[in-house]
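The file data-v6.csv comes next; it holds CSV, C-alpha atoms.
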```
chain,number,residue,atom,x,y,z
A,1,MET,CA,35.0,1.4,21.0
A,2,CYS,CA,37.4,0.5,23.7
A,3,SER,CA,40.6,2.3,24.4
A,4,THR,CA,43.4,2.6,27.0
A,5,ALA,CA,43.9,5.7,29.0
A,6,ASN,CA,46.7,7.0,26.8
A,7,GLY,CA,44.5,7.0,23.8
A,8,ILE,CA,45.8,3.7,22.2
A,9,GLY,CA,43.0,1.6,21.0
A,10,ALA,CA,42.4,-2.1,21.7
A,11,ARG,CA,43.8,-3.0,18.3
A,12,GLY,CA,46.8,-0.7,18.5
A,13,HIS,CA,45.7,2.3,16.5
A,14,VAL,CA,45.5,5.7,18.0
A,15,ASN,CA,42.0,6.9,18.9
A,16,GLU,CA,41.1,10.5,18.5
A,17,VAL,CA,40.8,12.1,22.0
A,18,LYS,CA,37.4,13.7,22.1
A,19,MET,CA,37.3,16.9,24.1
A,20,SER,CA,34.3,18.8,25.5
A,21,VAL,CA,33.2,22.1,24.3
A,22,SER,CA,35.5,23.8,26.8
A,23,GLY,CA,38.5,21.8,25.7
A,24,LYS,CA,38.7,19.7,28.9
A,25,SER,CA,39.3,15.9,28.8
A,26,ARG,CA,37.6,13.3,31.0
A,27,ARG,CA,39.7,11.8,33.7
A,28,TRP,CA,39.8,8.3,32.3
A,29,ARG,CA,41.8,9.5,29.3
A,30,THR,CA,44.7,10.4,31.6
A,31,PHE,CA,44.2,7.6,34.0
A,32,PRO,CA,47.5,6.0,35.1
A,33,GLY,CA,48.1,2.2,35.1
A,34,ARG,CA,47.2,-0.5,32.6
A,35,ASN,CA,43.5,-0.6,31.9
A,36,THR,CA,41.0,-0.6,29.0
A,37,PHE,CA,38.0,1.7,29.0
A,38,CYS,CA,34.8,1.4,27.0
A,39,LEU,CA,31.8,3.6,26.5
A,40,ASP,CA,33.6,6.8,27.3
A,41,GLY,CA,34.8,5.5,30.7
A,42,ARG,CA,31.7,3.8,31.8
A,43,ILE,CA,33.4,0.4,31.6
A,44,ILE,CA,36.8,-0.4,33.1
A,45,MET,CA,38.7,-3.7,32.5
A,46,ALA,CA,42.2,-5.0,32.5
A,47,LYS,CA,44.4,-4.1,29.5
A,48,GLN,CA,44.5,-7.8,28.4
A,49,TYR,CA,41.0,-9.2,28.2
A,50,SER,CA,41.5,-12.0,25.6
A,51,VAL,CA,40.8,-14.7,28.2
A,52,LEU,CA,37.5,-13.0,29.1
A,53,LEU,CA,36.5,-13.3,25.4
A,54,PHE,CA,37.3,-17.0,25.6
A,55,THR,CA,35.2,-17.4,28.8
A,56,VAL,CA,32.2,-15.7,27.1
A,57,ALA,CA,32.7,-17.8,23.9
A,58,LEU,CA,32.9,-21.1,25.8
A,59,ILE,CA,29.8,-20.4,28.0
A,60,LEU,CA,27.8,-18.9,25.1
A,61,GLY,CA,28.7,-21.7,22.6
A,62,THR,CA,27.8,-24.4,25.1
A,63,MET,CA,24.4,-22.8,25.9
A,64,VAL,CA,23.6,-22.3,22.2
A,65,LEU,CA,24.2,-26.0,21.6
A,66,PHE,CA,22.0,-26.8,24.7
A,67,PHE,CA,19.1,-24.7,23.6
A,68,VAL,CA,19.2,-25.9,20.0
A,69,PHE,CA,19.8,-29.6,20.5
A,70,ASP,CA,18.7,-30.5,24.0
A,71,SER,CA,16.1,-28.1,25.5
A,72,ILE,CA,13.6,-28.5,22.7
A,73,TYR,CA,13.7,-32.3,23.0
A,74,LEU,CA,13.5,-32.2,26.8
A,75,ALA,CA,10.7,-29.7,26.8
A,76,THR,CA,8.7,-32.0,24.5
A,77,HIS,CA,9.4,-35.2,26.4
A,78,LEU,CA,9.7,-34.0,30.0
A,79,SER,CA,8.7,-30.4,30.9
A,80,ILE,CA,8.8,-26.9,29.5
A,81,VAL,CA,10.3,-25.8,32.8
A,82,ILE,CA,13.8,-27.2,31.7
A,83,PRO,CA,14.5,-24.5,29.0
A,84,ILE,CA,13.1,-21.8,31.3
A,85,ILE,CA,15.4,-22.8,34.1
A,86,GLY,CA,18.3,-22.9,31.6
A,87,GLY,CA,17.5,-19.5,30.3
A,88,LEU,CA,17.3,-17.9,33.7
A,89,LEU,CA,20.6,-19.4,34.8
A,90,THR,CA,22.3,-18.3,31.6
A,91,VAL,CA,21.1,-14.7,32.0
A,92,PHE,CA,22.2,-14.7,35.7
A,93,VAL,CA,25.6,-16.1,34.8
A,94,PHE,CA,26.3,-13.5,32.1
A,95,GLY,CA,24.9,-10.7,34.3
A,96,THR,CA,27.3,-11.5,37.2
A,97,LEU,CA,30.2,-12.1,34.8
A,98,PHE,CA,29.8,-8.7,33.1
A,99,ARG,CA,29.3,-6.9,36.4
A,100,THR,CA,32.6,-8.5,37.7
A,101,SER,CA,34.4,-7.7,34.5
A,102,PHE,CA,33.2,-4.1,33.9
A,103,THR,CA,33.1,-2.8,37.5
A,104,ASP,CA,35.8,-0.8,39.2
A,105,PRO,CA,37.1,-3.4,41.7
A,106,GLY,CA,38.0,-0.8,44.2
A,107,ILE,CA,41.0,1.0,42.8
A,108,ILE,CA,42.6,3.5,45.1
A,109,PRO,CA,43.6,6.7,43.4
A,110,ARG,CA,47.3,7.5,43.4
A,111,ALA,CA,48.7,10.3,45.5
A,112,SER,CA,49.0,13.8,44.1
A,113,ASP,CA,52.3,15.5,43.5
A,114,GLU,CA,51.9,17.5,46.7
A,115,GLU,CA,51.2,14.4,48.8
A,116,SER,CA,54.1,12.3,47.4
A,117,ALA,CA,56.5,15.3,47.8
A,118,TYR,CA,55.4,15.6,51.5
A,119,VAL,CA,56.3,12.0,52.2
A,120,GLU,CA,59.7,12.4,50.5
A,121,ALA,CA,60.3,15.6,52.6
A,122,MET,CA,59.4,13.8,55.8
A,123,GLU,CA,61.8,11.0,55.1
A,124,ALA,CA,64.6,13.4,54.2
A,125,ALA,CA,64.0,15.5,57.3
A,126,ALA,CA,64.1,12.4,59.5
A,127,LEU,CA,67.3,11.3,57.9
A,128,SER,CA,69.1,14.7,58.1
A,129,ALA,CA,68.0,15.1,61.8
A,130,CYS,CA,70.0,12.0,62.9
A,131,PRO,CA,73.6,12.5,63.9
A,132,ASP,CA,74.5,9.0,63.0
A,133,ALA,CA,75.8,8.9,59.4
A,134,ASN,CA,75.1,5.2,59.1
A,135,TYR,CA,71.5,5.6,60.2
A,136,GLN,CA,69.0,4.0,57.8
A,137,PRO,CA,65.4,5.1,58.0
A,138,PRO,CA,62.9,2.4,58.9
A,139,PRO,CA,60.6,0.9,56.3
A,140,ARG,CA,57.8,3.1,55.2
A,141,THR,CA,55.0,1.6,57.3
A,142,LYS,CA,52.4,3.1,59.6
A,143,ASP,CA,50.8,1.3,62.6
A,144,ILE,CA,47.1,1.3,63.1
A,145,GLN,CA,44.9,-0.5,65.6
A,146,ILE,CA,41.7,-2.3,64.6
A,147,LYS,CA,39.7,-4.1,67.3
A,148,GLY,CA,42.8,-4.1,69.6
A,149,GLN,CA,45.1,-5.5,67.0
A,150,THR,CA,48.0,-3.6,65.5
A,151,LEU,CA,48.3,-3.7,61.8
A,152,LYS,CA,51.0,-2.2,59.5
A,153,LEU,CA,50.1,0.0,56.5
A,154,LYS,CA,52.7,-0.6,53.8
A,155,TYR,CA,53.8,2.2,51.5
A,156,CYS,CA,53.3,1.7,47.8
A,157,PHE,CA,56.2,3.3,45.9
A,158,THR,CA,54.1,3.2,42.6
A,159,CYS,CA,50.9,4.8,43.9
A,160,LYS,CA,52.8,6.9,46.6
A,161,ILE,CA,50.3,6.0,49.3
A,162,PHE,CA,50.1,4.0,52.5
A,163,ARG,CA,47.8,1.2,51.5
A,164,PRO,CA,44.7,0.6,53.6
A,165,PRO,CA,44.4,-2.7,55.4
A,166,ARG,CA,43.6,-5.6,53.1
A,167,ALA,CA,44.7,-3.6,50.0
A,168,SER,CA,47.4,-4.8,47.7
A,169,HIS,CA,49.0,-3.6,44.5
A,170,CYS,CA,48.1,-5.5,41.3
A,171,SER,CA,51.2,-5.9,39.2
A,172,LEU,CA,49.1,-6.6,36.0
A,173,CYS,CA,46.8,-3.5,36.3
A,174,ASP,CA,49.4,-1.4,38.2
A,175,HIS,CA,47.0,-0.2,40.8
A,176,CYS,CA,46.4,-0.6,44.5
A,177,VAL,CA,43.0,-2.3,45.1
A,178,GLU,CA,41.0,-2.3,48.3
A,179,ASN,CA,40.3,-5.7,49.7
A,180,PHE,CA,42.3,-7.2,46.9
A,181,ASP,CA,41.4,-10.8,46.4
A,182,HIS,CA,43.3,-11.7,43.2
A,183,HIS,CA,43.6,-10.8,39.5
A,184,CYS,CA,41.4,-13.1,37.5
A,185,PRO,CA,42.2,-13.3,33.8
A,186,TRP,CA,39.0,-15.4,33.2
A,187,VAL,CA,36.9,-12.3,34.0
A,188,GLY,CA,39.4,-9.8,32.7
A,189,ASN,CA,39.6,-7.7,35.8
A,190,CYS,CA,40.9,-7.6,39.4
A,191,VAL,CA,38.6,-8.9,42.1
A,192,GLY,CA,38.3,-6.6,45.0
A,193,LYS,CA,36.0,-4.7,47.3
A,194,ARG,CA,33.5,-3.5,44.8
A,195,ASN,CA,33.1,-6.5,42.5
A,196,TYR,CA,33.8,-9.5,44.7
A,197,ARG,CA,30.2,-10.2,45.4
A,198,PHE,CA,29.5,-10.4,41.7
A,199,PHE,CA,32.5,-12.7,41.2
A,200,TYR,CA,31.2,-15.0,44.0
A,201,LEU,CA,27.7,-15.1,42.6
A,202,PHE,CA,29.2,-15.8,39.2
A,203,LEU,CA,31.0,-18.9,40.5
A,204,LEU,CA,27.9,-20.1,42.3
A,205,SER,CA,25.6,-19.6,39.3
A,206,LEU,CA,28.1,-21.0,36.8
A,207,SER,CA,28.5,-24.1,39.0
A,208,THR,CA,24.8,-24.6,39.1
A,209,LEU,CA,24.4,-24.1,35.3
A,210,THR,CA,27.3,-26.5,34.5
A,211,VAL,CA,25.7,-29.3,36.7
A,212,PHE,CA,22.3,-28.5,35.3
A,213,VAL,CA,23.4,-28.8,31.7
A,214,PHE,CA,25.4,-32.0,32.4
A,215,VAL,CA,22.4,-33.7,34.0
A,216,CYS,CA,20.1,-32.6,31.2
A,217,ASN,CA,22.6,-34.0,28.7
A,218,VAL,CA,22.7,-37.4,30.5
A,219,VAL,CA,18.9,-37.5,30.6
A,220,HIS,CA,18.7,-36.7,26.9
A,221,ILE,CA,21.0,-39.5,26.0
A,222,ILE,CA,19.1,-41.9,28.2
A,223,LEU,CA,15.8,-41.0,26.6
A,224,ARG,CA,17.3,-41.4,23.1
A,225,ALA,CA,18.8,-44.7,24.1
A,226,GLN,CA,15.4,-46.0,25.2
A,227,GLU,CA,14.1,-45.3,21.7
A,228,SER,CA,16.8,-47.3,20.0
A,229,ASN,CA,20.2,-48.1,21.6
A,230,PHE,CA,23.0,-46.2,23.4
A,231,LEU,CA,25.3,-46.0,20.4
A,232,GLU,CA,22.6,-44.8,18.1
A,233,ALA,CA,21.7,-42.2,20.7
A,234,LEU,CA,25.3,-40.9,20.6
A,235,LYS,CA,25.2,-40.8,16.8
A,236,VAL,CA,21.9,-38.9,16.7
A,237,SER,CA,23.1,-36.3,19.3
A,238,PRO,CA,26.8,-35.4,18.7
A,239,ALA,CA,26.2,-31.9,20.1
A,240,THR,CA,25.0,-33.4,23.3
A,241,VAL,CA,28.1,-35.5,23.6
A,242,LEU,CA,30.3,-32.3,23.1
A,243,GLU,CA,28.4,-30.5,25.8
A,244,MET,CA,28.9,-33.4,28.2
A,245,LEU,CA,32.6,-33.4,27.6
A,246,VAL,CA,32.9,-29.6,28.1
A,247,CYS,CA,30.8,-29.7,31.3
A,248,PHE,CA,32.7,-32.8,32.6
A,249,PHE,CA,36.1,-31.3,32.3
A,250,THR,CA,35.2,-27.9,33.6
A,251,VAL,CA,32.8,-28.6,36.4
A,252,TRP,CA,35.5,-29.8,38.8
A,253,SER,CA,37.5,-26.6,38.7
A,254,ILE,CA,34.4,-24.5,38.9
A,255,LEU,CA,33.0,-26.4,41.8
A,256,GLY,CA,36.4,-26.3,43.5
A,257,LEU,CA,36.6,-22.5,43.1
A,258,ALA,CA,33.0,-22.0,44.3
A,259,GLY,CA,33.7,-24.2,47.4
A,260,PHE,CA,36.9,-22.4,48.1
A,261,HIS,CA,35.3,-18.9,47.9
A,262,THR,CA,32.4,-20.1,50.0
A,263,TYR,CA,34.9,-20.8,52.7
A,264,LEU,CA,36.5,-17.4,52.2
A,265,VAL,CA,33.1,-15.7,52.4
A,266,THR,CA,32.1,-17.5,55.6
A,267,ALA,CA,35.4,-16.5,57.2
A,268,PHE,CA,35.4,-13.0,55.7
A,269,LEU,CA,38.8,-13.5,54.1
A,270,THR,CA,40.4,-12.8,50.7
A,271,THR,CA,42.4,-15.1,48.6
A,272,ASN,CA,45.4,-12.9,49.2
A,273,GLU,CA,45.0,-13.2,53.0
A,274,ASP,CA,44.4,-16.9,52.9
A,275,ILE,CA,47.5,-17.6,50.8
A,276,LYS,CA,49.7,-15.4,53.1
A,277,GLY,CA,48.1,-16.9,56.2
A,278,SER,CA,47.4,-13.4,57.6
A,279,TRP,CA,44.9,-14.5,60.3
A,280,SER,CA,45.8,-18.1,60.7
A,281,ARG,CA,48.2,-19.9,63.1
A,282,LYS,CA,50.5,-20.9,60.2
A,283,LYS,CA,52.9,-18.1,61.2
A,284,GLY,CA,52.4,-18.6,64.9
A,285,LEU,CA,49.9,-15.8,65.2
A,286,SER,CA,47.2,-16.1,67.8
A,287,SER,CA,45.3,-13.1,66.5
A,288,GLN,CA,42.0,-13.6,64.7
A,289,ASN,CA,40.6,-11.8,61.7
A,290,PRO,CA,39.6,-8.3,63.0
A,291,PHE,CA,37.5,-7.7,60.0
A,292,SER,CA,35.2,-10.7,60.6
A,293,HIS,CA,31.6,-9.8,61.6
A,294,GLY,CA,31.6,-12.6,64.1
A,295,GLY,CA,29.6,-15.4,62.5
A,296,ILE,CA,29.1,-17.3,59.2
A,297,VAL,CA,25.7,-15.8,58.5
A,298,SER,CA,26.8,-12.2,59.3
A,299,ASN,CA,29.9,-12.6,57.1
A,300,CYS,CA,27.8,-13.9,54.2
A,301,VAL,CA,25.4,-11.0,54.6
A,302,ALA,CA,28.3,-8.5,54.7
A,303,VAL,CA,29.8,-9.8,51.5
A,304,ILE,CA,26.6,-10.4,49.4
A,305,CYS,CA,24.1,-7.9,50.8
A,306,ALA,CA,26.1,-4.9,52.0
A,307,PRO,CA,25.6,-1.6,50.1
A,308,MET,CA,27.9,-1.1,47.2
A,309,PRO,CA,30.8,1.2,48.2
A,310,PRO,CA,31.2,4.2,45.8
A,311,SER,CA,34.0,4.3,43.3
A,312,LEU,CA,36.8,6.7,44.2
A,313,LEU,CA,37.9,7.3,40.6
A,314,HIS,CA,35.3,9.7,39.1
A,315,LEU,CA,36.3,8.6,35.7
A,316,ARG,CA,33.8,10.5,33.7
A,317,GLU,CA,34.4,13.9,35.4
A,318,TYR,CA,36.4,16.5,33.6
A,319,ILE,CA,39.9,17.4,34.6
A,320,ASN,CA,40.3,20.7,36.3
A,321,ASP,CA,42.7,23.3,34.9
A,322,ASP,CA,44.7,23.5,38.1
A,323,GLU,CA,44.9,19.7,38.5
A,324,GLN,CA,48.5,18.5,38.0
A,325,ASN,CA,47.8,14.8,37.8
A,326,TYR,CA,45.1,12.3,38.4
A,327,GLY,CA,46.1,11.2,41.8
A,328,SER,CA,43.5,12.1,44.4
A,329,THR,CA,39.8,12.1,44.6
A,330,THR,CA,37.9,15.2,43.4
A,331,ASP,CA,36.8,16.1,46.9
A,332,ALA,CA,40.3,15.8,48.5
A,333,GLN,CA,42.1,18.9,49.6
A,334,PRO,CA,45.5,17.5,50.5
A,335,THR,CA,47.4,19.4,53.2
A,336,THR,CA,49.6,16.6,54.4
A,337,ALA,CA,51.0,13.4,53.0
A,338,TYR,CA,48.3,11.5,54.9
A,339,THR,CA,45.3,13.4,53.7
A,340,HIS,CA,45.0,11.2,50.7
A,341,TYR,CA,44.9,8.0,52.7
A,342,TYR,CA,42.3,9.5,55.1
A,343,THR,CA,40.1,10.6,52.2
A,344,VAL,CA,40.3,7.2,50.5
A,345,TYR,CA,39.8,5.1,53.6
A,346,ASP,CA,37.1,7.3,55.2
A,347,ALA,CA,35.0,7.2,52.1
A,348,ASN,CA,33.7,3.7,53.0
A,349,LYS,CA,34.0,4.2,56.8
A,350,PRO,CA,34.6,0.6,57.9
A,351,TYR,CA,37.3,1.6,60.4
A,352,PRO,CA,37.8,5.4,60.3
A,353,VAL,CA,41.4,6.4,60.7
A,354,GLN,CA,42.3,9.3,62.9
A,355,PRO,CA,45.8,11.0,63.0
A,356,ARG,CA,47.5,10.8,66.4
A,357,HIS,CA,49.0,14.2,65.8
A,358,SER,CA,46.9,17.1,64.6
A,359,ASN,CA,49.9,19.0,63.4
A,360,HIS,CA,52.8,17.2,61.7
A,361,GLY,CA,54.9,20.3,61.4
A,362,SER,CA,57.9,19.4,63.6
A,363,LEU,CA,58.9,15.8,64.5
A,364,PRO,CA,61.5,14.4,66.9
A,365,PRO,CA,64.6,13.1,65.2
A,366,CYS,CA,64.5,9.5,63.8
A,367,THR,CA,60.8,9.1,64.4
A,368,VAL,CA,58.0,8.1,62.2
A,369,VAL,CA,54.5,9.5,62.6
A,370,ASP,CA,52.0,6.6,63.1
A,371,VAL,CA,48.2,6.6,63.1
A,372,VAL,CA,45.6,4.8,65.0
A,373,SER,CA,42.1,3.8,64.1
A,374,ALA,CA,38.9,3.9,66.1
A,375,GLU,CA,37.4,0.5,66.7
A,376,SER,CA,34.1,-0.2,65.0
A,377,HIS,CA,31.0,-0.2,67.1
```
Output the file's structure as C-alpha cells, nothing else.
Amino acid sequence: MCSTANGIGARGHVNEVKMSVSGKSRRWRTFPGRNTFCLDGRIIMAKQYSVLLFTVALILGTMVLFFVFDSIYLATHLSIVIPIIGGLLTVFVFGTLFRTSFTDPGIIPRASDEESAYVEAMEAAALSACPDANYQPPPRTKDIQIKGQTLKLKYCFTCKIFRPPRASHCSLCDHCVENFDHHCPWVGNCVGKRNYRFFYLFLLSLSTLTVFVFVCNVVHIILRAQESNFLEALKVSPATVLEMLVCFFTVWSILGLAGFHTYLVTAFLTTNEDIKGSWSRKKGLSSQNPFSHGGIVSNCVAVICAPMPPSLLHLREYINDDEQNYGSTTDAQPTTAYTHYYTVYDANKPYPVQPRHSNHGSLPPCTVVDVVSAESH
C-alpha cells in the first residue's frame, strides 16, 4: 500500500501508522513535503502520480498488442529474433522507467530547528548592529568559487538552507533537489542528481522501442498486403493499425526529448540551467560551465557511468527521541547554520565547501559571512 508522509493513503483514507516494538516511527512517516511512499518507505514518488499510471498503461497496452498480433506473425515469416528484441527492449524500458519513478532524485533534507534559528539570529544581529535605521539586509546569498568562477548560493525559505550549486526547489514536491533538471509528470517524480541517468536511458530505450515497433508494424502490413491487397491487410490487422497510429503520434516528441537530453548530457547541463541560460552567452556571460568534465565523452561517462551518490534522507531509519524534526541527516551534528549545508554538499564531494571563518561568533556590522570552495583536482 502507498501512503503519504502524514499517514493519508493514496485513496484518501487514513492509514494506520505502524510503530516498532519500541514505539518509534520511521522517518518517512514524518517526512515534510508532498510525496507518496510505498513498501514502508522503500519507494518515493510525487504525490500525484496519475500521469505515471497513464504512461505505464500506454506502453504496456501497445506492447501487449504487438506481442499478440505482430510478433508471432513476424517470427513465423521473418525471424524469431524480432520478438526477442522486442521483449528485451520492453524490459529495459520499464526497468529504467521504474528506477526513475521510484528513486530519490536527490532531495536535500531541510534544516533543523537549531540551524534555521541560527540563520535568523545572524540576520537579526546584522540588522541591529547597523546604525542606519533604513538599512535593509542584503539578499540571503553566499558566494562560493568553483574553478575560478564565483557562484551564488540562494537561500530557500521553505527548506531553510542555502541551496548547493545546480540545486533548485520543486514547487510540486516542495523540496530542494540536487542537480534539479525538472519535474516530470510522465514518470511521476522529480528528475535530479540520483535518477537523471535512468531518465535519460529511459528516453533512449523508449525511442528505440517506438521506432522498432513502428517498423515492425509497417513490415507486417506489407507482408499481409503481398498475400492479398493493402485494404484487406488493414482489415485483417486492425491492432497493427492502432499500434502504428500510437507510435506515429508519439515518436516525434520522444525522439525530440531524447535528442534534447543528449545535448544536455554532452554539455553536462540540466534543463533548468539550459532554460535560464546559466552558462551561455544569452545573458552576456563569458563564463563556461564549471561543472563540465571538459569533453563530450567524459561528460557522457560522468552522467551514465559515475557511481550512484547515496541518498541523504535515510527514510527507513527510526526517529530518535531527541530529534525535534526531520531536517538534517542522521550523521549531522549542527553547530552553526552552515553545518547542514556542509554536511549535505560534502556527502557527494564534487566540490568540497570550506568555511572562510572557522569561528562565526562575532561579525562586523552589516556583513554577511561567505564561503569559498576548493577547486576540484
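One finds atom CA of A:Asp274 at 21.6 Å from atom CA of A:Asp143.
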Quick one: residues within 10 Å of A:Val219, all atoms listed in the file, excluding same-chain residues fewer than 5 positions away - as a PyMOL selection string? chain A and resi 70+74+78+213-214+224-225
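You will find atom CA of A:Thr103 at 17.8 Å from atom CA of A:Val91.
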Go through A:Tyr73, A:Tyr155, A:Phe102, A:Phe31 and flag the residue nearest A:Asn189, using all atoms listed in the file for the distances.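 Selected residue with least distance to A:Asn189: A:Phe102.
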Could you tell me how far atom CA of A:Lys47 lies from atom CA of A:Asn35, in Å and to one decimal? 4.3 Å
For A:Asn195: contacts at 9 Å, all atoms listed in the file, fewer than 6 positions along chain excluded, given as a PDB file with C-alpha atoms, in the frame of the given file:
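Done, and the output landed in selection-v7.pdb:
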```
ATOM      1  CA  ARG A  99      29.300  -6.900  36.400  1.00  0.00           C
ATOM      2  CA  THR A 100      32.600  -8.500  37.700  1.00  0.00           C
ATOM      3  CA  SER A 101      34.400  -7.700  34.500  1.00  0.00           C
ATOM      4  CA  PHE A 102      33.200  -4.100  33.900  1.00  0.00           C
ATOM      5  CA  THR A 103      33.100  -2.800  37.500  1.00  0.00           C
ATOM      6  CA  ASP A 104      35.800  -0.800  39.200  1.00  0.00           C
ATOM      7  CA  PRO A 105      37.100  -3.400  41.700  1.00  0.00           C
ATOM      8  CA  GLY A 106      38.000  -0.800  44.200  1.00  0.00           C
ATOM      9  CA  MET A 308      27.900  -1.100  47.200  1.00  0.00           C
TER      10      MET A 308
END
```
Determine, for each residue of stretch 213-273 of chain A having at least one atom at most 12 Å from an atom of stretch 59-69 of chain A, the closest pair of atoms and their separation in Å to one decimal, counting all atoms listed in the file; order by chain and ascending number, as JSON lines.
```
{"residue": "A:Val213", "atom": "CA", "partner": "A:Phe66", "partner_atom": "CA", "distance": 7.4}
{"residue": "A:Phe214", "atom": "CA", "partner": "A:Phe66", "partner_atom": "CA", "distance": 9.9}
{"residue": "A:Val215", "atom": "CA", "partner": "A:Phe66", "partner_atom": "CA", "distance": 11.6}
{"residue": "A:Cys216", "atom": "CA", "partner": "A:Phe66", "partner_atom": "CA", "distance": 8.9}
{"residue": "A:Asn217", "atom": "CA", "partner": "A:Phe66", "partner_atom": "CA", "distance": 8.3}
{"residue": "A:His220", "atom": "CA", "partner": "A:Phe69", "partner_atom": "CA", "distance": 9.6}
{"residue": "A:Ile221", "atom": "CA", "partner": "A:Phe69", "partner_atom": "CA", "distance": 11.4}
{"residue": "A:Val236", "atom": "CA", "partner": "A:Phe69", "partner_atom": "CA", "distance": 10.3}
{"residue": "A:Ser237", "atom": "CA", "partner": "A:Phe69", "partner_atom": "CA", "distance": 7.6}
{"residue": "A:Pro238", "atom": "CA", "partner": "A:Phe69", "partner_atom": "CA", "distance": 9.3}
{"residue": "A:Ala239", "atom": "CA", "partner": "A:Leu65", "partner_atom": "CA", "distance": 6.4}
{"residue": "A:Thr240", "atom": "CA", "partner": "A:Phe69", "partner_atom": "CA", "distance": 7.0}
{"residue": "A:Val241", "atom": "CA", "partner": "A:Leu65", "partner_atom": "CA", "distance": 10.5}
{"residue": "A:Leu242", "atom": "CA", "partner": "A:Thr62", "partner_atom": "CA", "distance": 8.5}
{"residue": "A:Glu243", "atom": "CA", "partner": "A:Thr62", "partner_atom": "CA", "distance": 6.2}
{"residue": "A:Met244", "atom": "CA", "partner": "A:Thr62", "partner_atom": "CA", "distance": 9.6}
{"residue": "A:Leu245", "atom": "CA", "partner": "A:Thr62", "partner_atom": "CA", "distance": 10.5}
{"residue": "A:Val246", "atom": "CA", "partner": "A:Thr62", "partner_atom": "CA", "distance": 7.9}
{"residue": "A:Cys247", "atom": "CA", "partner": "A:Thr62", "partner_atom": "CA", "distance": 8.7}
{"residue": "A:Thr250", "atom": "CA", "partner": "A:Ile59", "partner_atom": "CA", "distance": 10.8}
```
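Residue nearest A:Cys190 within the list A:Asn289, A:Thr90, A:Ser207, A:Ser168: A:Ser168 [criterion: smallest interatomic distance, only C-alpha atoms].
The protein and nucleic acid residues lying at most 10 Å from A:Arg140 are Val119, Glu123, Lys152, Leu153, Lys154, Tyr155, Cys156, Phe157, Ile161, Phe162 and Val368 of chain A, with only C-alpha atoms considered and sequence neighbours fewer than 5 positions away removed.
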Given only C-alpha atoms as the basis, pick out the residue of A:Leu201, A:Leu53, A:Leu58, A:Cys305 nearest to A:Leu89.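 Under the stated criterion, the closest residue is A:Leu201.
Minimum atom-to-atom distances from A:Ile146, A:Leu234, A:Leu313, A:Ala267 to A:Trp279 were compared using all atoms listed in the file, and the lowest value belongs to A:Ala267.
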With the cut-off set at 6 Å and counting all atoms listed in the file, tabulate each residue of stretch 31-147 of chain A with an atom at most that distance from an atom of stretch 171-186 of chain A, showing the nearest atom pair and its distance in Å to one decimal, ordered by chain and increasing number, as CSV.
```
residue,atom,partner,partner_atom,distance
A:Gly33,CA,A:Asp174,CA,4.9
A:Arg34,CA,A:Cys173,CA,4.8
A:Val51,CA,A:Trp186,CA,5.4
A:Leu52,CA,A:Trp186,CA,5.0
A:Gly106,CA,A:Glu178,CA,5.3
A:Ile107,CA,A:Val177,CA,4.5
A:Ile108,CA,A:Cys176,CA,5.6
```
